[in-house]
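Engineer: Input structure: structure.csv, which contains CSV, C-alpha atoms.
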```csv
chain,number,residue,atom,x,y,z
A,256,MET,CA,-30.8,-8.6,4.4
A,257,SER,CA,-34.0,-7.2,6.0
A,258,GLU,CA,-34.5,-3.5,6.6
A,259,LYS,CA,-34.1,-4.1,10.3
A,260,GLU,CA,-30.7,-5.8,9.8
A,261,LYS,CA,-29.5,-3.0,7.6
A,262,ILE,CA,-30.4,-0.4,10.2
A,263,GLU,CA,-28.6,-2.5,12.8
A,264,LEU,CA,-25.5,-2.6,10.5
A,265,LEU,CA,-25.7,1.2,10.2
A,266,GLU,CA,-25.9,1.5,14.0
A,267,GLU,CA,-22.9,-0.7,14.2
A,268,ILE,CA,-21.0,1.5,11.7
A,269,MET,CA,-22.0,4.6,13.7
A,270,ASP,CA,-21.1,2.9,17.0
A,271,LEU,CA,-24.7,3.5,18.3
A,272,ASP,CA,-26.8,1.3,20.6
A,273,LEU,CA,-29.2,-1.0,18.8
A,274,GLY,CA,-32.6,0.5,18.4
A,275,THR,CA,-31.3,4.1,18.2
A,276,LEU,CA,-31.9,4.8,14.5
A,277,HIS,CA,-35.2,4.9,12.6
A,278,ILE,CA,-35.7,4.8,8.9
A,279,ASP,CA,-36.7,8.5,8.5
A,280,ASP,CA,-34.0,9.9,10.9
A,281,THR,CA,-31.8,12.6,9.4
A,282,LEU,CA,-28.2,11.4,9.5
A,283,LYS,CA,-26.8,14.9,10.2
A,284,ASP,CA,-28.8,15.0,13.4
A,285,TYR,CA,-26.3,12.5,14.9
A,286,ASP,CA,-22.8,13.6,15.9
A,287,GLU,CA,-21.7,10.1,15.2
A,288,TRP,CA,-22.3,10.7,11.4
A,289,ASP,CA,-18.8,12.1,11.1
A,290,SER,CA,-15.9,11.7,8.7
A,291,LEU,CA,-14.6,8.6,10.4
A,292,THR,CA,-18.0,7.1,10.1
A,293,VAL,CA,-18.1,7.8,6.4
A,294,LEU,CA,-14.8,5.9,6.0
A,295,THR,CA,-16.1,3.1,8.1
A,296,PHE,CA,-19.3,3.0,5.9
A,297,ILE,CA,-17.1,2.8,2.7
A,298,SER,CA,-15.0,0.0,4.2
A,299,GLU,CA,-18.1,-2.0,5.4
A,300,ILE,CA,-20.0,-1.6,2.1
A,301,ASP,CA,-16.9,-2.8,0.3
A,302,SER,CA,-16.2,-5.8,2.5
A,303,ARG,CA,-19.8,-6.9,3.0
A,304,PHE,CA,-21.4,-6.2,-0.3
A,305,GLY,CA,-18.3,-6.0,-2.6
A,306,LYS,CA,-19.4,-2.5,-3.7
A,307,LYS,CA,-17.2,0.6,-4.0
A,308,ILE,CA,-18.9,3.7,-2.9
A,309,SER,CA,-17.4,7.2,-3.0
A,310,GLY,CA,-17.4,9.9,-0.4
A,311,GLU,CA,-19.2,12.1,-2.9
A,312,GLU,CA,-22.1,9.7,-3.1
A,313,ILE,CA,-22.3,9.4,0.7
A,314,LYS,CA,-22.4,13.2,1.0
A,315,LYS,CA,-25.8,13.1,-0.8
A,316,PHE,CA,-27.4,10.9,1.8
A,317,VAL,CA,-30.0,12.7,3.9
A,318,THR,CA,-31.8,10.0,5.9
A,319,VAL,CA,-31.1,6.6,7.3
A,320,ALA,CA,-33.2,5.2,4.3
A,321,ASP,CA,-30.7,6.7,1.9
A,322,ALA,CA,-27.8,5.1,3.7
A,323,ILE,CA,-29.3,1.6,3.8
A,324,ALA,CA,-30.5,1.8,0.2
A,325,VAL,CA,-26.9,1.0,-0.9
A,326,MET,CA,-26.7,-2.1,1.3
A,327,GLU,CA,-27.4,-4.8,-1.3
B,174,MET,CA,22.1,-10.4,-12.7
B,175,TYR,CA,18.6,-9.3,-12.1
B,176,THR,CA,16.7,-6.9,-9.9
B,177,LEU,CA,13.4,-8.2,-8.4
B,178,ILE,CA,10.6,-5.7,-8.2
B,179,THR,CA,7.4,-6.6,-6.4
B,180,GLY,CA,4.2,-4.7,-7.0
B,181,ALA,CA,5.3,-4.1,-10.6
B,182,SER,CA,1.9,-4.4,-12.2
B,183,SER,CA,0.9,-0.8,-11.3
B,184,GLY,CA,1.7,2.4,-9.6
B,185,VAL,CA,5.1,2.9,-8.0
B,186,GLY,CA,6.3,-0.5,-9.0
B,187,ARG,CA,5.4,-0.1,-12.6
B,188,GLU,CA,7.1,3.4,-12.9
B,189,LEU,CA,10.2,2.1,-11.1
B,190,ALA,CA,10.4,-0.9,-13.4
B,191,ILE,CA,10.3,1.4,-16.4
B,192,CYS,CA,13.0,3.7,-15.0
B,193,LEU,CA,15.3,0.9,-13.7
B,194,SER,CA,14.9,-1.1,-17.0
B,195,GLN,CA,17.2,1.5,-18.6
B,196,THR,CA,20.1,0.1,-16.8
B,197,ARG,CA,19.1,-3.3,-15.3
B,198,SER,CA,17.6,-6.6,-16.2
B,199,LEU,CA,14.4,-7.1,-14.2
B,200,ILE,CA,12.1,-9.7,-12.7
B,201,LEU,CA,8.7,-8.2,-12.4
B,202,SER,CA,6.3,-9.6,-9.7
B,203,GLY,CA,2.7,-8.9,-9.1
B,204,ARG,CA,-0.7,-10.6,-8.9
B,205,ASN,CA,-1.9,-10.0,-12.4
B,206,THR,CA,0.1,-11.5,-15.3
B,207,GLU,CA,-1.7,-9.4,-17.9
B,208,ARG,CA,-0.8,-6.1,-16.2
B,209,LEU,CA,2.8,-7.4,-15.6
B,210,ASN,CA,3.0,-7.9,-19.4
B,211,GLU,CA,1.8,-4.3,-19.8
B,212,THR,CA,4.7,-3.1,-17.5
B,213,LYS,CA,7.1,-5.3,-19.5
B,214,SER,CA,6.0,-3.7,-22.8
B,215,ALA,CA,6.7,-0.3,-21.3
B,216,CYS,CA,10.2,-1.2,-20.2
B,217,LYS,CA,13.3,-0.1,-22.0
B,218,ASN,CA,15.1,-3.4,-22.5
B,219,ASN,CA,14.1,-6.9,-23.4
B,220,ASP,CA,15.7,-8.8,-20.6
B,221,ILE,CA,12.6,-8.8,-18.4
B,222,LEU,CA,11.2,-11.9,-16.7
B,223,LEU,CA,7.8,-12.2,-14.9
B,224,TRP,CA,7.1,-13.9,-11.6
B,225,PRO,CA,3.4,-13.6,-11.0
B,226,TYR,CA,2.6,-14.2,-7.4
B,227,ASP,CA,0.0,-13.1,-4.8
B,228,LEU,CA,1.9,-11.9,-1.8
B,229,GLU,CA,-1.0,-12.5,0.5
B,230,LYS,CA,-0.2,-16.2,0.1
B,231,THR,CA,2.8,-15.9,2.5
B,232,ASP,CA,2.7,-19.6,3.6
B,233,ARG,CA,4.0,-20.8,0.2
B,234,LEU,CA,6.1,-17.8,-0.7
B,235,GLU,CA,9.6,-19.2,0.2
B,236,ALA,CA,9.0,-22.5,-1.5
B,237,GLU,CA,7.5,-20.9,-4.6
B,238,LEU,CA,10.2,-18.3,-5.0
B,239,SER,CA,13.0,-20.8,-4.5
B,240,ALA,CA,11.5,-23.1,-7.1
B,241,TRP,CA,11.1,-20.3,-9.6
B,242,ILE,CA,14.7,-19.1,-9.2
B,243,LYS,CA,16.0,-22.6,-9.7
B,244,GLU,CA,13.7,-23.3,-12.7
B,245,ASN,CA,14.7,-20.1,-14.4
B,246,ASN,CA,18.3,-20.3,-13.4
B,247,VAL,CA,18.6,-16.6,-12.5
B,248,GLN,CA,20.9,-14.7,-10.1
B,249,ILE,CA,19.4,-11.7,-8.3
B,250,ASP,CA,21.6,-8.9,-7.0
B,251,SER,CA,19.0,-6.4,-5.9
B,252,PHE,CA,15.4,-6.3,-4.6
B,253,VAL,CA,12.8,-3.5,-4.5
B,254,HIS,CA,9.7,-4.2,-2.4
B,255,CYS,CA,7.0,-2.0,-3.9
B,256,ALA,CA,4.0,-4.2,-3.3
B,257,GLY,CA,1.8,-2.5,-0.8
B,258,LEU,CA,-1.8,-2.8,0.5
B,259,MET,CA,-3.3,0.4,1.7
B,260,LYS,CA,-6.9,0.6,3.0
B,261,MET,CA,-8.2,3.6,4.9
B,262,VAL,CA,-10.1,1.8,7.7
B,263,PRO,CA,-11.1,3.4,11.0
B,264,LEU,CA,-10.4,1.2,14.0
B,265,ARG,CA,-14.1,0.3,14.5
B,266,ALA,CA,-14.1,-1.3,11.1
B,267,ILE,CA,-10.8,-3.1,11.5
B,268,ASN,CA,-10.9,-6.9,11.5
B,269,TYR,CA,-8.3,-9.7,11.6
B,270,GLU,CA,-8.5,-10.3,7.9
B,271,ILE,CA,-7.7,-6.6,7.1
B,272,ILE,CA,-4.8,-6.7,9.5
B,273,LEU,CA,-3.5,-10.0,8.2
B,274,ASN,CA,-3.7,-9.1,4.6
B,275,THR,CA,-2.0,-5.7,5.2
B,276,TYR,CA,0.9,-7.2,7.1
B,277,SER,CA,1.2,-10.1,4.7
B,278,VAL,CA,1.8,-7.9,1.7
B,279,ASN,CA,3.6,-5.0,3.4
B,280,VAL,CA,5.8,-6.9,5.9
B,281,PHE,CA,5.7,-10.7,6.1
B,282,SER,CA,6.3,-11.2,2.4
B,283,THR,CA,9.2,-8.7,2.4
B,284,GLN,CA,11.0,-10.7,5.1
B,285,LEU,CA,10.4,-14.0,3.4
B,286,ILE,CA,11.6,-12.8,0.0
B,287,ILE,CA,14.8,-11.2,1.4
B,288,LYS,CA,15.4,-14.4,3.4
B,289,THR,CA,15.2,-16.4,0.1
B,290,LEU,CA,17.4,-14.0,-1.8
B,291,ALA,CA,20.0,-13.8,0.9
B,292,SER,CA,20.4,-17.6,0.9
B,293,ARG,CA,23.7,-18.7,-0.6
B,294,LYS,CA,22.1,-22.0,-1.5
B,295,ILE,CA,19.3,-20.5,-3.4
B,296,ASN,CA,20.7,-17.3,-4.8
B,297,GLY,CA,24.5,-17.9,-4.7
B,298,GLY,CA,25.2,-15.0,-2.3
B,299,ASN,CA,24.5,-12.6,-5.1
B,300,LEU,CA,22.1,-10.2,-3.3
B,301,LYS,CA,23.8,-6.9,-2.6
B,302,ALA,CA,21.1,-4.3,-2.0
B,303,ALA,CA,17.4,-4.1,-1.1
B,304,VAL,CA,15.1,-1.1,-1.0
B,305,PHE,CA,11.7,-1.2,0.7
B,306,ILE,CA,9.1,1.3,-0.4
B,307,SER,CA,7.6,2.4,2.9
B,308,SER,CA,5.6,5.6,3.5
B,309,ASN,CA,6.0,8.9,5.2
B,310,ILE,CA,3.3,7.7,7.7
B,311,SER,CA,5.9,5.3,9.1
B,312,ASN,CA,7.2,7.7,11.8
B,313,ARG,CA,4.0,9.6,12.1
B,314,GLY,CA,0.3,8.7,12.4
B,315,ALA,CA,-3.1,9.4,10.8
B,316,ALA,CA,-6.7,8.7,11.5
B,317,ALA,CA,-8.0,5.5,9.7
B,318,PHE,CA,-4.5,4.4,8.9
B,319,SER,CA,-3.7,2.2,11.9
B,320,ALA,CA,-3.2,-1.1,10.0
B,321,TYR,CA,-1.3,0.5,7.1
B,322,GLY,CA,0.7,3.0,9.1
B,323,ALA,CA,1.8,0.4,11.7
B,324,SER,CA,2.7,-2.0,8.9
B,325,LYS,CA,5.0,0.6,7.3
B,326,ALA,CA,6.7,1.3,10.7
B,327,ALA,CA,7.2,-2.5,10.9
B,328,LEU,CA,8.7,-2.5,7.4
B,329,ASP,CA,11.2,0.2,8.4
B,330,GLY,CA,12.1,-1.7,11.6
B,331,LEU,CA,12.7,-4.8,9.4
B,332,ALA,CA,15.0,-2.7,7.2
B,333,ARG,CA,17.1,-1.6,10.1
B,334,ASN,CA,17.4,-5.0,11.7
B,335,LEU,CA,18.2,-6.7,8.4
B,336,ALA,CA,20.7,-4.0,7.6
B,337,ALA,CA,22.6,-4.9,10.9
B,338,GLU,CA,22.3,-8.6,10.3
B,339,LEU,CA,23.2,-8.8,6.7
B,340,ALA,CA,26.1,-6.3,6.6
B,341,PRO,CA,28.6,-6.0,5.1
B,342,ASN,CA,27.4,-8.1,2.1
B,343,ILE,CA,23.8,-6.8,1.7
B,344,ARG,CA,22.6,-3.2,2.3
B,345,VAL,CA,19.0,-2.6,3.2
B,346,ASN,CA,17.3,0.9,3.1
B,347,SER,CA,13.8,2.2,2.9
B,348,VAL,CA,12.2,5.1,0.9
B,349,LEU,CA,9.3,6.9,2.5
B,350,PRO,CA,7.2,8.6,-0.1
B,351,GLY,CA,4.3,10.9,0.7
B,352,GLY,CA,1.0,11.0,-1.1
B,353,MET,CA,1.4,10.1,-4.8
B,354,ILE,CA,-1.2,9.6,-7.5
B,355,THR,CA,-1.1,5.9,-8.3
B,356,GLU,CA,-3.5,3.1,-9.1
B,357,MET,CA,-3.8,2.3,-5.4
B,358,THR,CA,-4.6,5.9,-4.4
B,359,LYS,CA,-6.5,7.2,-7.4
B,360,ASP,CA,-9.9,6.6,-5.7
B,361,MET,CA,-8.8,8.6,-2.7
B,362,PHE,CA,-7.7,11.5,-5.0
B,363,ALA,CA,-11.0,11.4,-6.9
B,364,ASP,CA,-12.5,13.0,-3.8
B,365,GLU,CA,-12.2,16.8,-4.2
B,366,ASN,CA,-11.8,17.4,-0.5
B,367,MET,CA,-8.9,14.9,-0.3
B,368,ARG,CA,-7.3,16.5,-3.4
B,369,ASN,CA,-7.6,20.0,-1.9
B,370,MET,CA,-6.2,18.8,1.5
B,371,PHE,CA,-3.2,17.3,-0.2
B,372,ASN,CA,-2.5,20.4,-2.4
B,373,LYS,CA,-2.7,22.5,0.8
B,374,ASN,CA,-0.4,20.3,2.9
B,375,TYR,CA,2.3,19.4,0.4
B,376,PRO,CA,4.7,22.4,-0.1
B,377,LEU,CA,5.9,20.8,-3.4
B,378,GLY,CA,2.5,19.5,-4.4
B,379,ILE,CA,1.3,15.9,-4.8
B,380,GLY,CA,4.0,13.6,-6.1
B,381,THR,CA,4.2,10.8,-8.7
B,382,PRO,CA,6.3,7.6,-8.7
B,383,LYS,CA,8.8,9.3,-11.0
B,384,ASP,CA,9.7,11.5,-8.1
B,385,ILE,CA,11.2,8.6,-6.1
B,386,ALA,CA,12.7,6.5,-8.9
B,387,PRO,CA,16.2,8.2,-9.0
B,388,LEU,CA,16.7,7.7,-5.3
B,389,VAL,CA,15.8,4.0,-5.5
B,390,GLU,CA,18.3,3.7,-8.4
B,391,PHE,CA,21.0,5.3,-6.3
B,392,LEU,CA,20.3,3.1,-3.2
B,393,LEU,CA,20.5,0.0,-5.4
B,394,SER,CA,23.8,1.1,-6.9
B,395,ASP,CA,27.3,0.9,-5.6
B,396,LYS,CA,27.3,4.7,-5.3
B,397,SER,CA,25.4,4.3,-2.0
B,398,GLY,CA,27.9,1.6,-0.8
B,399,TRP,CA,28.3,3.2,2.7
B,400,ILE,CA,24.6,3.6,3.4
B,401,THR,CA,22.5,1.0,5.1
B,402,GLY,CA,19.5,0.8,7.5
B,403,GLN,CA,18.3,4.3,6.7
B,404,GLN,CA,14.9,5.9,6.0
B,405,PHE,CA,14.7,8.4,3.1
B,406,VAL,CA,11.7,10.6,3.2
B,407,VAL,CA,10.6,11.8,-0.3
B,408,ASP,CA,7.3,13.6,0.3
B,409,GLY,CA,7.3,17.0,-1.2
B,410,GLY,CA,8.0,18.5,2.2
B,411,ARG,CA,4.8,17.2,3.8
B,412,THR,CA,6.3,16.1,7.1
B,413,ILE,CA,8.5,19.1,7.7
B,414,ASP,CA,5.9,21.8,7.2
B,415,ILE,CA,4.3,23.2,10.3
B,416,THR,CA,2.9,26.3,8.7
B,417,GLU,CA,-0.7,26.7,9.6
B,418,ARG,CA,-2.7,27.0,6.4
B,419,LYS,CA,-6.2,28.3,6.7
B,420,ASP,CA,-7.5,27.4,3.2
```
Could you write out this file's structure as structure tokens?

Structural biologist:
Amino acid sequence: MSEKEKIELLEEIMDLDLGTLHIDDTLKDYDEWDSLTVLTFISEIDSRFGKKISGEEIKKFVTVADAIAVME
Amino acid sequence: MYTLITGASSGVGRELAICLSQTRSLILSGRNTERLNETKSACKNNDILLWPYDLEKTDRLEAELSAWIKENNVQIDSFVHCAGLMKMVPLRAINYEIILNTYSVNVFSTQLIIKTLASRKINGGNLKAAVFISSNISNRGAAAFSAYGASKAALDGLARNLAAELAPNIRVNSVLPGGMITEMTKDMFADENMRNMFNKNYPLGIGTPKDIAPLVEFLLSDKSGWITGQQFVVDGGRTIDITERKD
């Protein structure tokens, strides 16, 4: 999965229009980065990558780059 | 006579199996044979049979259970449906597979199992009582629980309809536990915020499967002979507490 595809997946998870996010964007700057998005992120990472990720780990994410780093 | 318990390889099912084995012969069902054997080892008597089955495979369920009953020549007088699939999934991440798997384990399999056990031809008219392990979300709602919560409401609806249809020979009731620490929920409780939230919202604290076992035993027994089609909430007071708690 390319970096562009990963960012698109994150946009889908956050229910944002394609092209909204950039790799260095701070997640907390987006209202859409809320508790339901975190749950959606956990569910999508599990179903698409077979990977369990905890809420604690997600809390440490600062930028878009941190979030897409676990998409593999 | 045997009691069939689904979801017996862990959590509520395993604890119930251990409690009920003090007075009953059991058939333990679950996906994983190794873990079913662990439950069997923890049980209090030796008359324990295993029926390993993945309840997501609903299309073959009736045929497989019928064949297993015939092959093992067993008679089943009671059924506890503990198997449950719970995923916290916000609506935007819901897909058909999640909905189908949730309903297959939580609802469809329950109906097909009880149909099989209620059959005079297959089980000799021996079934007397069934208890479905539902959830206190059944009559309520919570964010990210649409598939699970609606499936539990469907399960309780199934209990009421079957109670009416199968009376007076078979009684069907459901038990609605609140948040409990089990295999299925341990990841959820690993999160400190979630743990704090539960401790704050449960007047009697977070429960364990041992807290519901005596009620299930009662509902399976003749002592509850005039009770059918009912929901029994056992949730440490979670759903009756409207006190506003700031921290």

Engineer: Pick out the chain A residues within 12 Å of chain B. Count all atoms listed in the file. Give them as a ChimeraX atom specification.

Structural biologist: /A:264-271,289-303,307-314

Engineer: Name all residues at most 12 Å from Val348 (chain B) (count all atoms listed in the file; drop same-chain ones fewer than 2 positions away) and give them as a ChimeraX atom specification.

Structural biologist: /B:185,253-255,303-311,325-326,328-329,332,345-346,350-351,382,384-393,401-408

Engineer: Can you tell me how far CA of Ser277 (chain B) sits from CA of Glu229 (chain B), in Å to one decimal?

Structural biologist: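 Interatomic distance, CA of Ser277 (chain B) to CA of Glu229 (chain B): 5.3 Å.
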
Engineer: Mind checking which residues fall within 8 Å of region 223-228 of chain B, counting all atoms listed in the file, ignoring those fewer than 2 positions away in the same chain, and posting them as a PDB file with C-alpha atoms, keeping the file's coordinate frame?

Structural biologist:
```pdb
ATOM      1  CA  ILE B 200      12.100  -9.700 -12.700  1.00  0.00           C
ATOM      2  CA  LEU B 201       8.700  -8.200 -12.400  1.00  0.00           C
ATOM      3  CA  SER B 202       6.300  -9.600  -9.700  1.00  0.00           C
ATOM      4  CA  GLY B 203       2.700  -8.900  -9.100  1.00  0.00           C
ATOM      5  CA  ARG B 204      -0.700 -10.600  -8.900  1.00  0.00           C
ATOM      6  CA  ASN B 205      -1.900 -10.000 -12.400  1.00  0.00           C
ATOM      7  CA  THR B 206       0.100 -11.500 -15.300  1.00  0.00           C
ATOM      8  CA  LEU B 209       2.800  -7.400 -15.600  1.00  0.00           C
ATOM      9  CA  ASN B 210       3.000  -7.900 -19.400  1.00  0.00           C
ATOM     10  CA  ILE B 221      12.600  -8.800 -18.400  1.00  0.00           C
ATOM     11  CA  LYS B 230      -0.200 -16.200   0.100  1.00  0.00           C
ATOM     12  CA  THR B 231       2.800 -15.900   2.500  1.00  0.00           C
ATOM     13  CA  LEU B 234       6.100 -17.800  -0.700  1.00  0.00           C
ATOM     14  CA  TRP B 241      11.100 -20.300  -9.600  1.00  0.00           C
ATOM     15  CA  SER B 277       1.200 -10.100   4.700  1.00  0.00           C
ATOM     16  CA  VAL B 278       1.800  -7.900   1.700  1.00  0.00           C
ATOM     17  CA  SER B 282       6.300 -11.200   2.400  1.00  0.00           C
TER      18      SER B 282
END
```

Engineer: Here is a test: counting all atoms listed in the file, which residue of B:Glu207, B:Asp414, B:Glu235, B:Glu188 is nearest to Tyr375 (chain B)?

Structural biologist: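 Looking at the shortest contact to Tyr375 (chain B), the residue is B:Asp414.
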
Engineer: Do you know which residues are at most 12 Å from Glu417 (chain B) counting all atoms listed in the file, after dropping those on the same chain fewer than 3 positions away, and could you put them as a ChimeraX atom specification?

Structural biologist: /B:373-374,376,414,420

Engineer: CA of Arg333 (chain B) and CA of Thr358 (chain B), how far apart in Å?

Structural biologist: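 Pair CA of Thr358 (chain B) / CA of Arg333 (chain B) returns 27.2 Å.
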
Engineer: For Thr179 (chain B), which residue out of B:Ala256, B:Ile413, B:Ala215, B:Ile343 is the nearest one, using only C-alpha atoms?

Structural biologist: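 Among the listed residues, B:Ala256 lies closest to Thr179 (chain B).
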
Engineer: Show me, as a VMD selection string, the residues that have an atom within 8 Å of Ala320 (chain A) when counting all atoms listed in the file, minus same-chain residues fewer than 2 positions from it.

Structural biologist: chain A and resid 278 to 279 318 322 to 324

Engineer: For Phe316 (chain A), find every residue with an atom within 9 Å (counting all atoms listed in the file), except residues of its own chain fewer than 5 positions away, and show them as JSON, numbers by chain.

Structural biologist: {"A": [281, 282, 321, 322]}

Engineer: Here is a test: counting only C-alpha atoms, which residue of B:Arg313, B:Ala240, B:Asp232, B:Gly257 is nearest to Leu285 (chain B)?

Structural biologist: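 When distances to Leu285 (chain B) are compared using only C-alpha atoms, the smallest one comes from B:Asp232.
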
Engineer: Because some atoms of region 262-290 of chain A are absent here, can you restore N, CA and C atoms and send them as a compact mmCIF listing (two decimals), in the coordinates of the input?

Structural biologist:
```
# COMPACT_ATOMS: atom_id res chain seq x y z
N ILE A 262 -30.48 -1.48 9.21
CA ILE A 262 -30.40 -0.40 10.20
C ILE A 262 -29.47 -0.77 11.32
N GLU A 263 -29.50 -2.05 11.70
CA GLU A 263 -28.60 -2.50 12.80
C GLU A 263 -27.12 -2.40 12.31
N LEU A 264 -26.89 -2.70 11.03
CA LEU A 264 -25.50 -2.60 10.50
C LEU A 264 -25.09 -1.10 10.54
N LEU A 265 -26.00 -0.21 10.16
CA LEU A 265 -25.70 1.20 10.20
C LEU A 265 -25.39 1.67 11.64
N GLU A 266 -26.16 1.13 12.58
CA GLU A 266 -25.90 1.50 14.00
C GLU A 266 -24.54 0.96 14.44
N GLU A 267 -24.18 -0.20 13.92
CA GLU A 267 -22.90 -0.70 14.20
C GLU A 267 -21.77 0.16 13.66
N ILE A 268 -21.97 0.58 12.41
CA ILE A 268 -21.00 1.50 11.70
C ILE A 268 -20.85 2.79 12.49
N MET A 269 -22.00 3.31 12.99
CA MET A 269 -22.00 4.60 13.70
C MET A 269 -21.66 4.45 15.18
N ASP A 270 -21.44 3.21 15.60
CA ASP A 270 -21.10 2.90 17.00
C ASP A 270 -22.26 3.41 17.93
N LEU A 271 -23.51 3.11 17.52
CA LEU A 271 -24.70 3.50 18.30
C LEU A 271 -25.33 2.25 18.91
N ASP A 272 -26.06 2.43 19.99
CA ASP A 272 -26.80 1.30 20.60
C ASP A 272 -27.87 0.83 19.61
N LEU A 273 -28.13 -0.48 19.62
CA LEU A 273 -29.20 -1.00 18.80
C LEU A 273 -30.52 -0.39 19.15
N GLY A 274 -31.33 -0.08 18.13
CA GLY A 274 -32.60 0.50 18.40
C GLY A 274 -32.62 2.04 18.38
N THR A 275 -31.43 2.64 18.20
CA THR A 275 -31.30 4.10 18.20
C THR A 275 -31.89 4.73 16.95
N LEU A 276 -31.58 4.13 15.80
CA LEU A 276 -31.90 4.80 14.50
C LEU A 276 -33.32 4.32 14.02
N HIS A 277 -33.95 5.24 13.29
CA HIS A 277 -35.20 4.90 12.60
C HIS A 277 -35.09 5.34 11.16
N ILE A 278 -35.88 4.69 10.34
CA ILE A 278 -35.70 4.80 8.90
C ILE A 278 -35.78 6.28 8.38
N ASP A 279 -36.57 7.13 9.02
CA ASP A 279 -36.70 8.50 8.50
C ASP A 279 -35.75 9.51 9.24
N ASP A 280 -34.94 9.02 10.15
CA ASP A 280 -34.00 9.90 10.90
C ASP A 280 -33.07 10.62 9.90
N THR A 281 -32.77 11.87 10.21
CA THR A 281 -31.80 12.60 9.40
C THR A 281 -30.39 12.32 9.95
N LEU A 282 -29.51 11.87 9.07
CA LEU A 282 -28.20 11.40 9.50
C LEU A 282 -27.41 12.57 10.20
N LYS A 283 -27.53 13.79 9.65
CA LYS A 283 -26.80 14.90 10.20
C LYS A 283 -27.17 15.28 11.62
N ASP A 284 -28.32 14.77 12.07
CA ASP A 284 -28.80 15.00 13.40
C ASP A 284 -27.90 14.27 14.47
N TYR A 285 -27.15 13.32 13.97
CA TYR A 285 -26.30 12.50 14.90
C TYR A 285 -24.85 12.95 14.78
N ASP A 286 -24.26 13.27 15.92
CA ASP A 286 -22.80 13.60 15.90
C ASP A 286 -21.97 12.48 15.42
N GLU A 287 -22.49 11.26 15.58
CA GLU A 287 -21.70 10.10 15.20
C GLU A 287 -21.60 9.96 13.65
N TRP A 288 -22.40 10.72 12.90
CA TRP A 288 -22.30 10.70 11.40
C TRP A 288 -21.16 11.66 11.03
N ASP A 289 -19.93 11.25 11.30
CA ASP A 289 -18.80 12.10 11.10
C ASP A 289 -17.86 11.53 9.98
N SER A 290 -16.71 12.17 9.77
CA SER A 290 -15.90 11.70 8.70
C SER A 290 -15.32 10.31 8.87
```
